[in-house]
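Colleague: Pasting final-v3.pdb here (PDB, C-alpha atoms):
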ATOM      1  CA  GLY A 167     -77.320-111.359-156.494
ATOM      2  CA  ARG A 168     -75.656-112.312-153.265
ATOM      3  CA  ALA A 169     -72.200-111.350-154.539
ATOM      4  CA  MET A 170     -72.947-107.650-154.895
ATOM      5  CA  PRO A 171     -73.499-106.279-151.368
ATOM      6  CA  LEU A 172     -69.954-106.787-150.071
ATOM      7  CA  ALA A 173     -68.420-105.415-153.264
ATOM      8  CA  ARG A 174     -70.745-102.392-153.037
ATOM      9  CA  MET A 175     -69.894-101.875-149.373
ATOM     10  CA  LEU A 176     -66.205-101.765-150.263
ATOM     11  CA  GLY A 177     -66.731 -98.902-152.684
ATOM     12  CA  THR A 178     -63.293 -98.072-154.081
ATOM     13  CA  SER A 179     -61.537 -99.664-151.113
ATOM     14  CA  ARG A 180     -60.064-103.142-150.852
ATOM     15  CA  LEU A 181     -60.944-106.051-148.567
ATOM     16  CA  ALA A 182     -58.209-106.779-146.026
ATOM     17  CA  MET A 183     -57.606-110.393-145.093
ATOM     18  CA  ALA A 184     -54.782-112.771-144.304
ATOM     19  CA  ASN A 185     -53.333-114.516-147.342
ATOM     20  CA  PRO A 186     -55.670-117.412-148.197
ATOM     21  CA  ASP A 187     -52.825-119.360-149.794
ATOM     22  CA  SER A 188     -50.807-119.635-146.591
ATOM     23  CA  VAL A 189     -52.634-118.371-143.487
ATOM     24  CA  PRO A 190     -55.463-120.255-141.733
ATOM     25  CA  ALA A 191     -57.578-117.110-141.202
ATOM     26  CA  GLY A 192     -57.311-116.354-144.912
ATOM     27  CA  LYS A 193     -58.286-119.920-145.808
ATOM     28  CA  TYR A 194     -61.380-119.710-143.577
ATOM     29  CA  GLY A 195     -62.272-116.316-145.055
ATOM     30  CA  LYS A 196     -61.941-117.507-148.646
ATOM     31  CA  ALA A 197     -63.965-120.643-147.865
ATOM     32  CA  ALA A 198     -66.783-118.569-146.354
ATOM     33  CA  LEU A 199     -66.800-116.042-149.186
ATOM     34  CA  THR A 200     -66.828-118.897-151.696
ATOM     35  CA  ALA A 201     -69.669-120.702-149.903
ATOM     36  CA  LEU A 202     -71.678-117.476-149.884
ATOM     37  CA  GLY A 203     -71.020-116.810-153.585
ATOM     38  CA  ILE A 204     -69.113-113.609-152.846
ATOM     39  CA  TRP A 205     -65.517-114.622-153.659
ATOM     40  CA  PRO A 206     -65.667-113.782-157.412
ATOM     41  CA  SER A 207     -66.796-110.208-156.688
ATOM     42  CA  VAL A 208     -63.910-109.455-154.292
ATOM     43  CA  ALA A 209     -61.045-111.768-155.348
ATOM     44  CA  ASN A 210     -59.347-109.002-157.355
ATOM     45  CA  ARG A 211     -59.914-106.384-154.634
ATOM     46  CA  LEU A 212     -57.913-107.879-151.768
ATOM     47  CA  ALA A 213     -55.310-106.313-149.503
ATOM     48  CA  LEU A 214     -53.486-109.387-148.223
ATOM     49  CA  GLY A 215     -51.641-109.543-144.929
ATOM     50  CA  ASP A 216     -49.002-112.015-143.758
ATOM     51  CA  ASN A 217     -51.242-112.790-140.790
ATOM     52  CA  VAL A 218     -54.612-111.846-139.356
ATOM     53  CA  ARG A 219     -53.174-109.028-137.229
ATOM     54  CA  SER A 220     -51.620-107.335-140.266
ATOM     55  CA  ALA A 221     -55.007-107.540-142.039
ATOM     56  CA  LEU A 222     -56.639-106.006-138.968
ATOM     57  CA  ALA A 223     -54.030-103.225-138.954
ATOM     58  CA  LEU A 224     -54.976-102.287-142.541
ATOM     59  CA  VAL A 225     -58.541-101.688-141.375
ATOM     60  CA  GLU A 226     -57.454 -99.902-138.186
ATOM     61  CA  ARG A 227     -55.367 -97.472-140.241
ATOM     62  CA  GLY A 228     -58.156 -96.902-142.772
ATOM     63  CA  GLU A 229     -56.178 -98.447-145.626
ATOM     64  CA  ALA A 230     -59.035-100.911-146.178
ATOM     65  CA  ARG A 231     -62.689-100.225-145.430
ATOM     66  CA  LEU A 232     -63.464-103.822-144.446
ATOM     67  CA  GLY A 233     -61.466-106.807-143.310
ATOM     68  CA  ILE A 234     -61.876-110.464-142.487
ATOM     69  CA  VAL A 235     -60.334-111.297-139.128
ATOM     70  CA  TYR A 236     -61.033-113.591-136.211
ATOM     71  CA  ALA A 237     -63.750-112.280-133.898
ATOM     72  CA  THR A 238     -61.279-112.438-131.002
ATOM     73  CA  ASP A 239     -58.865-110.110-132.839
ATOM     74  CA  ALA A 240     -61.627-107.682-133.802
ATOM     75  CA  ARG A 241     -62.834-107.691-130.206
ATOM     76  CA  ALA A 242     -59.338-106.842-128.956
ATOM     77  CA  SER A 243     -59.133-103.743-131.180
ATOM     78  CA  LYS A 244     -60.564-100.410-130.082
ATOM     79  CA  ASP A 245     -60.321 -99.067-133.636
ATOM     80  CA  VAL A 246     -62.721-101.350-135.529
ATOM     81  CA  VAL A 247     -66.391-102.210-135.401
ATOM     82  CA  VAL A 248     -67.650-105.691-136.239
ATOM     83  CA  ALA A 249     -69.873-105.341-139.307
ATOM     84  CA  GLY A 250     -70.957-108.979-139.372
ATOM     85  CA  SER A 251     -69.977-112.588-138.901
ATOM     86  CA  PHE A 252     -69.948-115.507-141.288
ATOM     87  CA  PRO A 253     -72.839-117.902-140.737
ATOM     88  CA  PRO A 254     -72.215-121.330-139.218
ATOM     89  CA  GLY A 255     -71.342-123.883-141.852
ATOM     90  CA  SER A 256     -69.814-121.370-144.279
ATOM     91  CA  HIS A 257     -66.318-122.587-143.326
ATOM     92  CA  GLU A 258     -64.692-125.361-141.353
ATOM     93  CA  PRO A 259     -64.846-124.943-137.558
ATOM     94  CA  ILE A 260     -61.933-122.904-136.210
ATOM     95  CA  ARG A 261     -60.110-124.872-133.554
ATOM     96  CA  TYR A 262     -57.037-124.180-131.464
ATOM     97  CA  PRO A 263     -55.694-127.490-130.177
ATOM     98  CA  VAL A 264     -53.590-127.621-127.038
ATOM     99  CA  ALA A 265     -50.992-130.291-126.391
ATOM    100  CA  ARG A 266     -47.936-130.704-124.241
ATOM    101  CA  ILE A 267     -44.763-131.724-126.002
ATOM    102  CA  ALA A 268     -43.788-135.014-124.379
ATOM    103  CA  LYS A 269     -40.093-134.118-124.215
ATOM    104  CA  SER A 270     -40.610-130.563-122.975
ATOM    105  CA  PRO A 271     -37.980-129.691-120.371
ATOM    106  CA  ASN A 272     -40.337-127.106-118.855
ATOM    107  CA  PRO A 273     -41.706-128.451-115.559
ATOM    108  CA  ASP A 274     -44.736-126.144-115.802
ATOM    109  CA  ALA A 275     -45.906-127.369-119.232
ATOM    110  CA  GLU A 276     -48.354-130.018-118.007
ATOM    111  CA  GLY A 277     -49.699-127.748-115.267
ATOM    112  CA  PHE A 278     -50.318-124.986-117.809
ATOM    113  CA  ARG A 279     -52.093-127.393-120.179
ATOM    114  CA  ARG A 280     -54.316-128.564-117.338
ATOM    115  CA  PHE A 281     -55.024-124.964-116.304
ATOM    116  CA  LEU A 282     -56.119-124.055-119.854
ATOM    117  CA  LEU A 283     -58.599-126.926-119.784
ATOM    118  CA  SER A 284     -59.800-126.196-116.242
ATOM    119  CA  HIS A 285     -62.979-124.291-115.407
ATOM    120  CA  ALA A 286     -60.940-121.207-114.422
ATOM    121  CA  GLY A 287     -58.827-121.351-117.586
ATOM    122  CA  GLN A 288     -61.878-121.791-119.796
ATOM    123  CA  ASN A 289     -63.555-118.808-118.103
ATOM    124  CA  ILE A 290     -60.550-116.628-118.912
ATOM    125  CA  LEU A 291     -60.536-117.767-122.531
ATOM    126  CA  ALA A 292     -64.306-117.152-122.759
ATOM    127  CA  ARG A 293     -63.779-113.580-121.539
ATOM    128  CA  TYR A 294     -61.625-113.006-124.609
ATOM    129  CA  GLY A 295     -64.165-114.478-127.000
ATOM    130  CA  PHE A 296     -63.053-118.104-127.244
ATOM    131  CA  SER A 297     -65.807-120.692-126.964
ATOM    132  CA  ARG A 298     -65.486-123.838-124.894
ATOM    133  CA  PRO A 299     -64.364-127.062-126.582
TER     134      PRO A 299
END
Would you mind writing the file's structure down as structure tokens?
Modeller:
Amino acid sequence: GRAMPLARMLGTSRLAMANPDSVPAGKYGKAALTALGIWPSVANRLALGDNVRSALALVERGEARLGIVYATDARASKDVVVAGSFPPGSHEPIRYPVARIAKSPNPDAEGFRRFLLSHAGQNILARYGFSRP
């Protein structure tokens, strides 16, 4: 059924992803694979990284045929091609909150927070693949 295509695409290779026990990207990846019924077919074929960039590096170096990474990381790499994206609803929404630490001694902290939320800041983030809040 649905579990076979990804396993077949891997061939004899492994699936690179961040560790789902400790890294948010890995948790999202496992949740999506589970929701799609694919997790059982690949759970014993993983190449786990300490973070999403190390998982991406495994694919960039050809040590894994496929990997699960954030779209923004894949987009930043010249050495990988995006094979697909998980459908909406297959995992929790991925959010990057921004907050200023109230006791920050840095006088630029609040200005930077405001810039990130400004039209100009949001346009820069959008250029790198981040959607607006």
Colleague: Would you translate the PyMOL selection byres ((chain A and resi 206) around 12) into the concrete set of residues it matches in this file, as a list in words?
Modeller: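 Taken on the displayed file, the PyMOL selection byres ((chain A and resi 206) around 12) yields the residues Gly167, Arg168, Ala169, Met170, Leu172, Ala173, Lys196, Ala197, Leu199, Thr200, Ala201, Leu202, Gly203, Ile204, Trp205, Ser207, Val208, Ala209, Asn210, Arg211 and Leu212 of chain A.
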Colleague: When the PyMOL selection byres ((chain A and resi 232) around 12) is applied to the file above, which residues end up in the set, as a PDB file with C-alpha atoms, keeping the file's coordinate frame?
Modeller:
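Okay, selection21.pdb is ready:
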ATOM      1  CA  LEU A 172     -69.954-106.787-150.071  1.00  0.00           C
ATOM      2  CA  ALA A 173     -68.420-105.415-153.264  1.00  0.00           C
ATOM      3  CA  ARG A 174     -70.745-102.392-153.037  1.00  0.00           C
ATOM      4  CA  MET A 175     -69.894-101.875-149.373  1.00  0.00           C
ATOM      5  CA  LEU A 176     -66.205-101.765-150.263  1.00  0.00           C
ATOM      6  CA  GLY A 177     -66.731 -98.902-152.684  1.00  0.00           C
ATOM      7  CA  THR A 178     -63.293 -98.072-154.081  1.00  0.00           C
ATOM      8  CA  SER A 179     -61.537 -99.664-151.113  1.00  0.00           C
ATOM      9  CA  ARG A 180     -60.064-103.142-150.852  1.00  0.00           C
ATOM     10  CA  LEU A 181     -60.944-106.051-148.567  1.00  0.00           C
ATOM     11  CA  ALA A 182     -58.209-106.779-146.026  1.00  0.00           C
ATOM     12  CA  MET A 183     -57.606-110.393-145.093  1.00  0.00           C
ATOM     13  CA  VAL A 208     -63.910-109.455-154.292  1.00  0.00           C
ATOM     14  CA  ARG A 211     -59.914-106.384-154.634  1.00  0.00           C
ATOM     15  CA  LEU A 212     -57.913-107.879-151.768  1.00  0.00           C
ATOM     16  CA  ALA A 213     -55.310-106.313-149.503  1.00  0.00           C
ATOM     17  CA  ALA A 221     -55.007-107.540-142.039  1.00  0.00           C
ATOM     18  CA  LEU A 222     -56.639-106.006-138.968  1.00  0.00           C
ATOM     19  CA  ALA A 223     -54.030-103.225-138.954  1.00  0.00           C
ATOM     20  CA  LEU A 224     -54.976-102.287-142.541  1.00  0.00           C
ATOM     21  CA  VAL A 225     -58.541-101.688-141.375  1.00  0.00           C
ATOM     22  CA  GLU A 226     -57.454 -99.902-138.186  1.00  0.00           C
ATOM     23  CA  ARG A 227     -55.367 -97.472-140.241  1.00  0.00           C
ATOM     24  CA  GLY A 228     -58.156 -96.902-142.772  1.00  0.00           C
ATOM     25  CA  GLU A 229     -56.178 -98.447-145.626  1.00  0.00           C
ATOM     26  CA  ALA A 230     -59.035-100.911-146.178  1.00  0.00           C
ATOM     27  CA  ARG A 231     -62.689-100.225-145.430  1.00  0.00           C
ATOM     28  CA  GLY A 233     -61.466-106.807-143.310  1.00  0.00           C
ATOM     29  CA  ILE A 234     -61.876-110.464-142.487  1.00  0.00           C
ATOM     30  CA  VAL A 235     -60.334-111.297-139.128  1.00  0.00           C
ATOM     31  CA  ALA A 240     -61.627-107.682-133.802  1.00  0.00           C
ATOM     32  CA  VAL A 246     -62.721-101.350-135.529  1.00  0.00           C
ATOM     33  CA  VAL A 247     -66.391-102.210-135.401  1.00  0.00           C
ATOM     34  CA  VAL A 248     -67.650-105.691-136.239  1.00  0.00           C
ATOM     35  CA  ALA A 249     -69.873-105.341-139.307  1.00  0.00           C
ATOM     36  CA  GLY A 250     -70.957-108.979-139.372  1.00  0.00           C
TER      37      GLY A 250
END
Colleague: Smallest atom-to-atom distance to A:Tyr236: which of A:Ser188, A:Ala275, A:His285, A:Tyr194, using only C-alpha atoms?
Modeller: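 Smallest distance to A:Tyr236 is found for A:Tyr194.
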Colleague: Which is closer to A:Tyr262 than all the others in A:Pro190, A:Gly287, A:Gly277, A:Gly195, using all atoms listed in the file?
Modeller: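 Among the listed residues, A:Pro190 lies closest to A:Tyr262.
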Colleague: Considering all atoms listed in the file, state which residue in the set A:Arg261, A:Pro171, A:Arg298, A:Asn217 is at the smallest distance from A:Ala184.
Modeller: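 Of the candidates, the smallest distance to A:Ala184 is held by A:Asn217.
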Colleague: In Å, rounded to a single decimal, give me how far atom CA of A:Ala198 is from atom CA of A:Ala237.
Modeller: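 Computing it gives 14.3 Å between the two atoms.
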Colleague: What gap, in Å, lies between atom CA of A:Tyr294 and atom CA of A:Thr238?
Modeller: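 So the two atoms, atom CA of A:Tyr294 and atom CA of A:Thr238, lie 6.4 Å apart.
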Colleague: In Å, rounded to a single decimal, give me how far atom CA of A:Pro259 is from atom CA of A:Ala191.
Modeller: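 Here the two named atoms are 11.3 Å from each other.
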Colleague: Can you list, as JSON, numbers by chain, the residues that the PyMOL selection byres ((chain A and resi 266) around 9) selects here?
Modeller: {"A": [264, 265, 267, 268, 269, 270, 275, 276, 278, 279]}
Colleague: Using all atoms listed in the file, find the one residue out of A:Pro271, A:Ser251, A:Ala242, A:Ser220 that sits nearest to A:Arg293.
Modeller: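 For A:Arg293, the nearest of the candidates is A:Ala242.
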